[in-house]
Structure formats: C-alpha cells, structure tokens
Amino acid sequence: MYSTEIEVRTGSEAVVHDLTHEAEAFLRDADATDGLLHVWVPHATAGLAILETGAGSDEDLLTALDELLPRDGRWRHRHGSPGHGRDHVLPALVPPYATVPVLGGVLALGTWQSICLVDTNLDNPVRKVRFSLLAG
C-alpha cells in the first residue's frame, strides 16, 4: 500500500475544500493503475464528502450543516469558540473517510464529483489529510 499525508490550510471560517487535484497528484506519484484510493482525515471535527463544487452545492452543504448543527450554546461539548461542540458532531454526518475506485490511474468520479474536505471548526485552521492507495 502506498500512502502519504498532506497538510491543508482551511482558514478561520467553515469551508468545503476541494482535494481532487491533490488526490490526482498522489495517484501520479504512486504510479497508480487500478485499485482504491482511500482518503482519511485524522481529526474529530472534520469530514470528507463527494460532491459537486463551484455551482453552489458546496455552500448549500455548509448552509445545511448550519441548520442541522447550529453554532450556539446547546452543545454539551463546550471548549473552544462558542458553538464548537457542533464541530464534534459533524463527523457523524460527514464521515472522516472516503474511498474512490481508481481505473487506469484515474479517479472513477462522476463528471461533476469532487473529493472535498468539510471543515466547520473555526479553532483549527490547519488539517491533515491522508491518501492511501490499495492497488488492485
């Protein structure tokens, strides 16, 4: 298995960060042919999603998360910025992993699909993302 970890700077506001280009670069470095790309975020307050970006879906996801998990004082987990407890619930809805087939060295994503880091944690502006290739 070939694996590497990258660092992503997400800043100080909630983001959907497209990782597709980084995943493609990883596959080139791995001389990938066929297999599975596994993406993992080793954080308790971030997740991964496969979705369309740039046409509003990324902002729609953040809006939906704000509605489902409001940044307010209802959360029992209270350290960090106000409402930070909701960030610890996020990975139950947006899991910290994704697996994508790789065929002929290319991600088998749909036309509008991207691999995205979803980070709503305002207290942690730097994230690690691990790419692992299980060759077929």
# chains A, B, ... in the order shown; residues from 1 in each chain; ligands from 1

$ residues_around --residues "Arg86 (chain A)" --least-positions-apart "4" --cutoff "7 Å" --atoms "only C-alpha atoms" --output "list in words"
Leu69, Pro70, Arg71, Trp75 and Leu90 of chain A

$ residues_around --residues "region 65-67 of chain A" --least-positions-apart "3" --cutoff "12 Å" --atoms "only C-alpha atoms" --output "number ranges by chain"
A: 14-16, 47, 58-62, 70-72, 83-84, 86-87, 89-94, 118-121

$ select_by_dssp --residues "region 12-92 of chain A" --states "strand (DSSP E or B)" --output "list in words"
Val15, Val16, His17, Asp18, Gly35, Leu36, Leu37, His38, Val39, Trp40, Ala46, Gly47, Leu48, Ala49, Ile50 and Leu51 of chain A

$ residues_around --residues "region 102-112 of chain A" --least-positions-apart "3" --cutoff "9 Å" --atoms "only C-alpha atoms" --output "ChimeraX atom specification"
/A:20,23-24,27-28,31-37,50-53,115,133,135-136

$ residues_around --residues "Phe131 (chain A)" --least-positions-apart "3" --cutoff "8 Å" --atoms "only C-alpha atoms" --output "list in words"
Ser3, Thr4, Glu5, Ala23, Phe26, Leu37, His38, Val39 and Trp40 of chain A

$ write_last_selection --atoms "N, CA, C and O atoms" --output "compact mmCIF listing (two decimals), in the first residue's frame"
# COMPACT_ATOMS: atom_id res chain seq x y z
N SER A 3 1.07 5.33 0.68
CA SER A 3 0.31 6.28 1.47
C SER A 3 1.13 7.53 1.73
O SER A 3 2.36 7.45 1.86
N THR A 4 0.45 8.66 1.82
CA THR A 4 1.11 9.91 2.18
C THR A 4 0.12 10.83 2.86
O THR A 4 -1.10 10.66 2.71
N GLU A 5 0.64 11.78 3.61
CA GLU A 5 -0.20 12.75 4.31
C GLU A 5 0.14 14.14 3.82
O GLU A 5 1.31 14.48 3.65
N ALA A 23 -5.49 14.65 -4.81
CA ALA A 23 -5.67 13.20 -4.95
C ALA A 23 -5.11 12.72 -6.29
O ALA A 23 -4.45 11.67 -6.35
N PHE A 26 -1.38 12.65 -6.07
CA PHE A 26 -0.98 11.48 -5.30
C PHE A 26 -0.98 10.23 -6.18
O PHE A 26 -0.03 9.44 -6.14
N LEU A 37 -8.58 4.35 -3.92
CA LEU A 37 -8.00 5.46 -3.19
C LEU A 37 -8.82 5.65 -1.93
O LEU A 37 -10.05 5.83 -2.00
N HIS A 38 -8.15 5.56 -0.80
CA HIS A 38 -8.82 5.82 0.48
C HIS A 38 -8.30 7.16 0.99
O HIS A 38 -7.09 7.40 1.02
N VAL A 39 -9.22 8.03 1.38
CA VAL A 39 -8.87 9.35 1.91
C VAL A 39 -9.36 9.39 3.35
O VAL A 39 -10.50 9.02 3.65
N TRP A 40 -8.48 9.85 4.23
CA TRP A 40 -8.76 9.84 5.67
C TRP A 40 -8.37 11.18 6.27
O TRP A 40 -7.31 11.72 5.96

$ atom_distance --atom1 "CA of Met1 (chain A)" --atom2 "CA of Ser132 (chain A)"
6.8 Å

$ closest_residue --among "A:His79, A:His21, A:Arg9, A:His88" --to "Lys128 (chain A)" --atoms "only C-alpha atoms"
A:Arg9

$ select_by_dssp --residues "chain A" --states "alpha helix (DSSP H)" --output "MDAnalysis selection string"
chainID A and resid 20:29 57:68 85:93

$ closest_residue --among "A:Ser57, A:Tyr2, A:Glu7, A:Thr63" --to "Ala30 (chain A)" --atoms "only C-alpha atoms"
A:Tyr2

$ atom_distance --atom1 "CA of Ala55 (chain A)" --atom2 "CA of Arg130 (chain A)"
26.6 Å
